[in-house]
$ cat protein-v6.txt   # compact mmCIF, C-alpha atoms
# COMPACT_ATOMS: atom_id res chain seq x y z
CA MET A 1 66.41 4.62 87.26
CA SER A 2 67.54 1.12 86.28
CA THR A 3 65.48 -2.05 86.43
CA LYS A 4 67.00 -5.41 87.26
CA PRO A 5 67.11 -7.68 84.20
CA GLY A 6 64.19 -10.11 84.24
CA ALA A 7 62.29 -8.17 86.92
CA ALA A 8 58.61 -7.78 86.08
CA GLN A 9 57.51 -4.16 85.69
CA LYS A 10 54.26 -3.42 87.47
CA PRO A 11 51.88 -1.12 85.60
CA ALA A 12 51.21 2.01 87.66
CA LEU A 13 47.46 1.44 87.77
CA ALA A 14 46.82 3.76 90.71
CA HIS A 15 48.73 6.51 88.97
CA LEU A 16 46.77 5.88 85.77
CA PHE A 17 43.44 6.02 87.65
CA TRP A 18 44.13 9.34 89.42
CA TRP A 19 45.49 10.98 86.25
CA PHE A 20 42.43 9.79 84.33
CA MET A 21 40.11 11.27 86.99
CA PHE A 22 42.14 14.52 86.98
CA SER A 23 42.02 14.95 83.20
CA GLN A 24 38.38 13.94 82.82
CA GLY A 25 37.37 16.18 85.70
CA GLY A 26 39.19 19.09 84.09
CA LEU A 27 37.52 18.40 80.77
CA PHE A 28 34.02 18.29 82.31
CA VAL A 29 34.65 21.54 84.19
CA ALA A 30 35.90 23.21 80.99
CA VAL A 31 33.07 22.06 78.72
CA LEU A 32 30.03 21.89 81.01
CA LEU A 33 30.38 24.20 84.00
CA PRO A 34 30.54 27.76 82.53
CA VAL A 35 27.05 27.56 81.00
CA HIS A 36 25.57 26.31 84.30
CA ILE A 37 27.11 29.23 86.18
CA LEU A 38 26.00 31.72 83.51
CA VAL A 39 22.40 30.49 83.26
CA GLN A 40 21.67 29.29 86.82
CA GLY A 41 23.93 31.70 88.68
CA ILE A 42 23.49 34.94 86.73
CA LEU A 43 20.82 35.05 84.00
CA GLY A 44 18.17 33.20 86.03
CA PRO A 45 18.53 35.16 89.29
CA LEU A 46 18.56 38.44 87.32
CA GLY A 47 15.29 37.44 85.64
CA ILE A 48 16.77 37.70 82.13
CA VAL A 49 15.69 34.15 81.14
CA ARG A 50 13.38 31.48 82.53
CA VAL A 51 15.47 28.73 84.13
CA VAL A 52 14.43 25.25 85.22
CA ASP A 53 15.55 25.73 88.84
CA ARG A 54 13.57 28.96 89.37
CA HIS A 55 10.37 27.05 90.25
CA TYR A 56 9.95 24.03 92.48
CA ASP A 57 7.73 22.04 90.08
CA THR A 58 10.04 22.31 87.05
CA TRP A 59 13.15 21.70 89.16
CA ILE A 60 11.86 18.62 91.02
CA SER A 61 10.45 17.23 87.77
CA ILE A 62 13.75 17.36 85.87
CA LEU A 63 15.70 16.14 88.92
CA GLY A 64 13.66 12.92 88.86
CA ASN A 65 14.89 11.99 85.40
CA PRO A 66 17.53 9.19 85.64
CA ILE A 67 19.59 10.63 82.75
CA VAL A 68 19.66 14.03 84.50
CA LYS A 69 20.70 12.33 87.75
CA LEU A 70 23.56 10.57 85.97
CA TYR A 71 24.58 13.79 84.22
CA LEU A 72 24.58 15.74 87.50
CA LEU A 73 26.64 13.03 89.19
CA VAL A 74 29.29 13.30 86.46
CA LEU A 75 29.10 17.12 86.39
CA ILE A 76 29.59 17.43 90.14
CA SER A 77 31.77 14.51 91.22
CA LEU A 78 34.47 14.26 88.52
CA PRO A 79 35.56 17.91 88.85
CA PHE A 80 36.35 17.35 92.54
CA PHE A 81 39.07 14.84 91.59
CA HIS A 82 40.51 17.55 89.36
CA PHE A 83 40.17 20.19 92.09
CA ALA A 84 41.81 17.87 94.67
CA HIS A 85 44.92 17.56 92.52
CA ARG A 86 45.10 21.25 91.64
CA LEU A 87 44.58 22.49 95.19
CA ARG A 88 47.15 20.03 96.56
CA TYR A 89 49.75 21.24 94.09
CA LEU A 90 48.75 24.84 94.75
CA LEU A 91 49.81 24.21 98.35
CA VAL A 92 53.07 22.61 97.16
CA ASP A 93 53.74 25.63 94.93
CA LEU A 94 53.11 27.91 97.90
CA GLY A 95 55.83 26.09 99.81
CA VAL A 96 53.71 23.59 101.77
CA HIS A 97 55.79 20.52 100.89
CA ALA A 98 53.81 18.36 103.31
CA ALA A 99 51.03 18.46 100.69
CA LYS A 100 53.04 15.87 98.71
CA ARG A 101 52.79 13.36 101.54
CA ARG A 102 50.35 10.46 101.80
CA PRO A 103 48.11 11.82 104.64
CA VAL A 104 47.42 14.99 102.64
CA GLN A 105 46.71 12.93 99.53
CA VAL A 106 44.21 10.92 101.54
CA VAL A 107 42.51 14.12 102.74
CA PHE A 108 42.25 15.70 99.27
CA TYR A 109 41.33 12.65 97.17
CA GLY A 110 39.26 11.29 100.05
CA GLY A 111 37.40 14.63 99.98
CA ALA A 112 36.61 14.05 96.30
CA VAL A 113 35.30 10.58 97.12
CA ALA A 114 33.22 12.05 99.98
CA VAL A 115 31.68 14.67 97.65
CA THR A 116 30.88 11.88 95.16
CA LEU A 117 29.10 9.86 97.86
CA LEU A 118 27.27 12.98 99.08
CA THR A 119 26.13 13.76 95.53
CA ILE A 120 24.86 10.20 95.01
CA TRP A 121 22.96 10.41 98.30
CA VAL A 122 21.44 13.82 97.46
CA LEU A 123 20.45 12.74 93.95
CA LEU A 124 18.83 9.53 95.22
CA THR A 125 16.97 11.09 98.14
CA THR A 126 15.87 14.46 96.73
CA ALA A 127 13.58 13.53 93.85
CA PRO A 128 12.06 10.09 93.19
CA LEU A 129 13.07 8.45 89.91
CA SER A 130 10.67 9.36 87.15
CA LEU A 131 10.76 8.69 83.42
CA GLY A 132 8.03 11.22 82.69
CA MET B 1 87.38 2.66 96.95
CA SER B 2 89.66 5.67 96.92
CA VAL B 3 88.92 8.70 99.11
CA GLU B 4 88.20 10.75 96.02
CA THR B 5 85.60 8.27 94.67
CA GLU B 6 83.98 7.98 98.09
CA THR B 7 83.63 11.75 98.35
CA SER B 8 82.14 12.09 94.86
CA ALA B 9 79.63 9.29 95.64
CA ARG B 10 78.52 11.18 98.77
CA VAL B 11 78.14 14.40 96.79
CA ALA B 12 76.14 12.62 94.08
CA THR B 13 73.54 11.32 96.55
CA ARG B 14 72.86 14.65 98.26
CA THR B 15 69.30 15.88 97.85
CA TYR B 16 68.89 19.11 95.94
CA LYS B 17 66.73 21.54 97.87
CA PRO B 18 65.67 24.49 95.72
CA ALA B 19 65.57 27.73 97.68
CA MET B 20 62.28 29.28 96.61
CA GLY B 21 60.24 31.60 98.77
CA ALA B 22 56.46 31.34 98.98
CA GLY B 23 56.13 34.51 96.91
CA TRP B 24 58.05 33.25 93.82
CA TRP B 25 54.87 33.36 91.73
CA LEU B 26 54.58 37.14 92.13
CA ARG B 27 57.91 37.73 90.35
CA LYS B 28 56.70 37.22 86.78
CA ARG B 29 53.32 37.67 85.12
CA HIS B 30 53.55 34.18 83.60
CA TYR B 31 54.04 32.61 87.07
CA PHE B 32 51.12 34.63 88.45
CA TRP B 33 48.70 33.40 85.77
CA TYR B 34 49.93 29.83 86.31
CA MET B 35 48.94 30.14 89.97
CA VAL B 36 45.59 31.71 89.03
CA ARG B 37 44.96 28.66 86.84
CA GLU B 38 45.65 26.36 89.80
CA PHE B 39 43.52 28.56 92.08
CA THR B 40 40.44 28.33 89.77
CA ALA B 41 39.71 25.02 91.51
CA LEU B 42 38.68 26.76 94.75
CA PRO B 43 35.83 29.07 93.56
CA LEU B 44 34.56 26.39 91.16
CA ALA B 45 34.49 23.82 93.97
CA LEU B 46 32.51 26.31 96.09
CA TRP B 47 30.02 26.90 93.26
CA LEU B 48 29.50 23.16 92.80
CA LEU B 49 29.01 22.68 96.56
CA TRP B 50 26.34 25.38 96.35
CA PHE B 51 24.84 23.44 93.43
CA ILE B 52 24.60 20.26 95.55
CA TYR B 53 22.79 22.35 98.18
CA GLU B 54 20.46 23.73 95.47
CA ILE B 55 19.55 20.17 94.45
CA GLN B 56 19.14 19.06 98.07
CA ARG B 57 16.78 21.98 98.84
CA ALA B 58 14.36 20.68 96.21
CA GLY B 59 13.76 17.76 98.57
CA ARG B 60 12.14 20.10 101.11
CA GLY B 61 8.96 20.34 99.10
CA ALA B 62 7.23 23.24 97.34
CA SER B 63 6.86 25.30 100.52
CA GLY B 64 10.52 24.90 101.53
CA TYR B 65 12.09 25.60 98.15
CA TYR B 66 13.10 29.05 96.98
CA ALA B 67 15.25 30.02 94.00
CA PRO B 68 18.43 32.02 94.71
CA ASN B 69 17.81 35.74 94.12
CA SER B 70 20.32 37.68 96.18
CA THR B 71 22.79 40.17 94.69
CA ALA B 72 25.55 38.48 96.67
CA PHE B 73 24.83 35.19 94.93
CA VAL B 74 24.93 36.84 91.49
CA ILE B 75 28.25 38.55 92.31
CA PHE B 76 29.62 35.23 93.58
CA SER B 77 28.53 33.57 90.32
CA VAL B 78 30.07 36.33 88.17
CA ILE B 79 33.41 35.82 89.96
CA CYS B 80 33.12 32.03 89.55
CA LEU B 81 32.24 32.44 85.86
CA LEU B 82 35.44 34.43 85.25
CA PHE B 83 37.50 31.65 86.86
CA ALA B 84 35.50 29.00 84.96
CA LEU B 85 36.17 30.72 81.63
CA TYR B 86 39.87 31.01 82.45
CA HIS B 87 39.96 27.29 83.30
CA SER B 88 38.12 26.42 80.05
CA VAL B 89 40.39 28.48 77.80
CA THR B 90 43.65 27.25 79.39
CA PHE B 91 42.54 23.61 79.69
CA LEU B 92 41.12 23.27 76.18
CA SER B 93 44.09 25.11 74.65
CA LEU B 94 46.38 22.43 76.10
CA ALA B 95 44.60 19.78 74.03
CA GLY B 96 46.75 20.72 71.03
CA VAL B 97 49.86 19.82 73.01
CA ILE B 98 48.55 16.66 74.66
CA LEU B 99 46.40 15.02 71.99
CA HIS B 100 48.09 13.68 68.88
CA PHE B 101 46.03 12.10 66.09
CA LYS B 102 46.84 10.83 62.66
CA VAL B 103 44.45 10.82 59.72
CA MET B 104 45.62 8.99 56.58
CA ASP B 105 49.06 8.67 58.23
CA LYS B 106 49.33 12.44 58.53
CA PRO B 107 49.31 14.17 61.94
CA VAL B 108 46.31 16.39 62.60
CA PRO B 109 47.54 19.98 63.16
CA SER B 110 47.40 21.00 66.83
CA ARG B 111 45.44 24.13 65.85
CA LEU B 112 42.67 21.88 64.47
CA VAL B 113 42.65 19.77 67.66
CA VAL B 114 42.25 22.91 69.79
CA ALA B 115 39.52 24.24 67.46
CA SER B 116 37.60 20.96 67.82
CA GLN B 117 37.79 21.24 71.63
CA PHE B 118 36.45 24.80 71.56
CA GLY B 119 33.76 23.68 69.09
CA ALA B 120 32.71 20.90 71.49
CA TRP B 121 32.54 23.48 74.30
CA LEU B 122 30.32 25.75 72.20
CA VAL B 123 27.95 22.93 71.17
CA ALA B 124 27.72 21.58 74.75
CA SER B 125 27.00 25.08 76.09
CA ILE B 126 24.20 25.65 73.56
CA VAL B 127 22.59 22.26 74.28
CA ILE B 128 22.81 22.60 78.09
CA GLY B 129 21.68 26.23 77.98
CA ALA B 130 18.70 25.23 75.81
CA VAL B 131 17.72 22.49 78.28
CA LEU B 132 18.08 24.75 81.35
CA ILE B 133 16.06 27.54 79.74
CA GLY B 134 13.68 25.36 77.68
CA PHE B 135 12.42 23.44 80.72
CA GLY B 136 11.98 26.63 82.75
CA ARG B 137 8.75 28.57 83.05
$ encode --input "protein-v6.txt" --output "structure tokens"
Amino acid sequence: MSTKPGAAQKPALAHLFWWFMFSQGGLFVAVLLPVHILVQGILGPLGIVRVVDRHYDTWISILGNPIVKLYLLVLISLPFFHFAHRLRYLLVDLGVHAAKRRPVQVVFYGGAVAVTLLTIWVLLTTAPLSLG
Amino acid sequence: MSVETETSARVATRTYKPAMGAGWWLRKRHYFWYMVREFTALPLALWLLWFIYEIQRAGRGASGYYAPNSTAFVIFSVICLLFALYHSVTFLSLAGVILHFKVMDKPVPSRLVVASQFGAWLVASIVIGAVLIGFGR
């Protein structure tokens, strides 16, 4: 593609933003999620280890910590931007070419934004902030 | 413009439409595992949605909260863990291709970059696991 001489090139900021969210989301899934699934989804329910979410008092106590709230927001919301991209391209690879179009982009990335807002709401309304 | 030039210009602007059926990814093992990698997003998204629900249920108070115990949930988690591990291995292995660093003007070998990513994964897993288990009772 050629550019007219003297024409200002606009930086693709939107592109940069979505790729950043995709890569960071993928990194957080890769590094943080497996241990949560192993401990909270398998070892805890099987009674092999004691886990913080097995009892109401320990769970609500740690959920009140602002650092934990911030961590959970990052752990939950960023991966959905990664998932949105992967699932959209999964559809494209399966022959659904409409998944490349703007309305589908709005649905998938909008879904990630909606999950982020839901997570913020749940984290703010479930357990009161506590530094103890 | 001659007829010949006009014709070649028309040919040059035609859109190429690859003829690929929806089942192309079943033809080779490599394609299949590529699609599995893309598909990992679905079970992991479901597990995280469950996790949001798990957090939200804590807001119901001591009498309304119960920890997940069912066999179905454990099986679901085992399946999700397999997909999560596949995502981790494939994603972190790519770091050697994507990330390029120089130390003392010499490029860091990609094998070392990948090893550092896997090391970070191990350390993070130990720390998070210790917190999840250490604060339990």
$ interface_residues --input "protein-v6.txt" --of "chain B" --to "chain A" --cutoff "7 Å" --atoms "only C-alpha atoms" --output "PyMOL selection string"
chain B and resi 22+38-39+41+45+48+52+56+58-59+62+65+67-69+74+77-78+81+84-85+87-88+91+121+124-125+129+132-133+135-137
$ atom_distance --input "protein-v6.txt" --atom1 "CA of Arg60 (chain B)" --atom2 "CA of Ala130 (chain B)"
26.6 Å
$ atom_distance --input "protein-v6.txt" --atom1 "CA of Tyr109 (chain A)" --atom2 "CA of Ala12 (chain A)"
17.4 Å
$ closest_residue --input "protein-v6.txt" --among "A:Ile120, A:Lys10, A:Leu16, A:Ser130" --to "Tyr71 (chain A)" --atoms "only C-alpha atoms"
A:Ile120
$ atom_distance --input "protein-v6.txt" --atom1 "CA of Gln105 (chain A)" --atom2 "CA of Leu46 (chain B)"
19.8 Å
$ residues_around --input "protein-v6.txt" --residues "Arg111 (chain B)" --least-positions-apart "2" --cutoff "12 Å" --atoms "all atoms listed in the file" --output "list in words"
Leu92, Ser93, Leu94, Ala95, Gly96, Val97, Ile98, Leu99, His100, Pro107, Val108, Pro109, Val113, Val114, Ala115, Ser116, Gln117 and Phe118 of chain B
$ decode --input "protein-v6.txt" --residues "region 33-57 of chain B" --atoms "N, CA and C atoms" --output "tab-separated table (two decimals), in the first residue's frame"
chain	number	residue	atom	x	y	z
B	33	TRP	N	-4.56	-29.17	16.29
B	33	TRP	CA	-4.07	-28.62	17.57
B	33	TRP	C	-4.07	-27.09	17.57
B	34	TYR	N	-3.96	-26.48	16.39
B	34	TYR	CA	-4.09	-25.03	16.27
B	34	TYR	C	-5.51	-24.62	16.68
B	35	MET	N	-6.50	-25.40	16.18
B	35	MET	CA	-7.89	-25.07	16.52
B	35	MET	C	-8.19	-25.34	18.00
B	36	VAL	N	-7.57	-26.39	18.54
B	36	VAL	CA	-7.74	-26.66	19.98
B	36	VAL	C	-7.22	-25.47	20.78
B	37	ARG	N	-6.09	-24.92	20.35
B	37	ARG	CA	-5.51	-23.76	21.04
B	37	ARG	C	-6.48	-22.58	21.01
B	38	GLU	N	-7.13	-22.36	19.87
B	38	GLU	CA	-8.11	-21.27	19.79
B	38	GLU	C	-9.32	-21.58	20.67
B	39	PHE	N	-9.71	-22.87	20.69
B	39	PHE	CA	-10.91	-23.28	21.43
B	39	PHE	C	-10.73	-23.19	22.94
B	40	THR	N	-9.48	-23.22	23.43
B	40	THR	CA	-9.24	-23.19	24.89
B	40	THR	C	-9.97	-22.00	25.54
B	41	ALA	N	-10.20	-20.94	24.75
B	41	ALA	CA	-10.85	-19.75	25.28
B	41	ALA	C	-12.24	-20.06	25.85
B	42	LEU	N	-12.96	-21.00	25.23
B	42	LEU	CA	-14.34	-21.25	25.65
B	42	LEU	C	-14.44	-21.87	27.04
B	43	PRO	N	-13.80	-23.04	27.31
B	43	PRO	CA	-13.90	-23.60	28.67
B	43	PRO	C	-13.30	-22.69	29.74
B	44	LEU	N	-12.23	-21.96	29.39
B	44	LEU	CA	-11.61	-21.08	30.39
B	44	LEU	C	-12.52	-19.89	30.70
B	45	ALA	N	-13.22	-19.40	29.69
B	45	ALA	CA	-14.19	-18.32	29.92
B	45	ALA	C	-15.31	-18.82	30.83
B	46	LEU	N	-15.76	-20.07	30.60
B	46	LEU	CA	-16.83	-20.63	31.44
B	46	LEU	C	-16.36	-20.78	32.88
B	47	TRP	N	-15.10	-21.22	33.06
B	47	TRP	CA	-14.60	-21.40	34.44
B	47	TRP	C	-14.51	-20.04	35.14
B	48	LEU	N	-14.08	-19.01	34.42
B	48	LEU	CA	-13.98	-17.69	35.05
B	48	LEU	C	-15.36	-17.10	35.34
B	49	LEU	N	-16.36	-17.41	34.48
B	49	LEU	CA	-17.72	-16.95	34.78
B	49	LEU	C	-18.22	-17.62	36.05
B	50	TRP	N	-17.88	-18.93	36.19
B	50	TRP	CA	-18.23	-19.62	37.44
B	50	TRP	C	-17.54	-18.92	38.62
B	51	PHE	N	-16.30	-18.51	38.42
B	51	PHE	CA	-15.53	-17.87	39.49
B	51	PHE	C	-16.18	-16.55	39.94
B	52	ILE	N	-16.70	-15.78	38.98
B	52	ILE	CA	-17.42	-14.55	39.32
B	52	ILE	C	-18.63	-14.90	40.20
B	53	TYR	N	-19.32	-15.98	39.80
B	53	TYR	CA	-20.49	-16.43	40.56
B	53	TYR	C	-20.09	-16.86	41.98
B	54	GLU	N	-18.93	-17.52	42.08
B	54	GLU	CA	-18.40	-17.97	43.38
B	54	GLU	C	-18.13	-16.76	44.29
B	55	ILE	N	-17.60	-15.71	43.71
B	55	ILE	CA	-17.33	-14.48	44.48
B	55	ILE	C	-18.66	-13.84	44.88
B	56	GLN	N	-19.58	-13.77	43.93
B	56	GLN	CA	-20.87	-13.11	44.18
B	56	GLN	C	-21.66	-13.83	45.28
B	57	ARG	N	-21.55	-15.18	45.33
B	57	ARG	CA	-22.29	-15.95	46.33
B	57	ARG	C	-21.85	-15.64	47.75
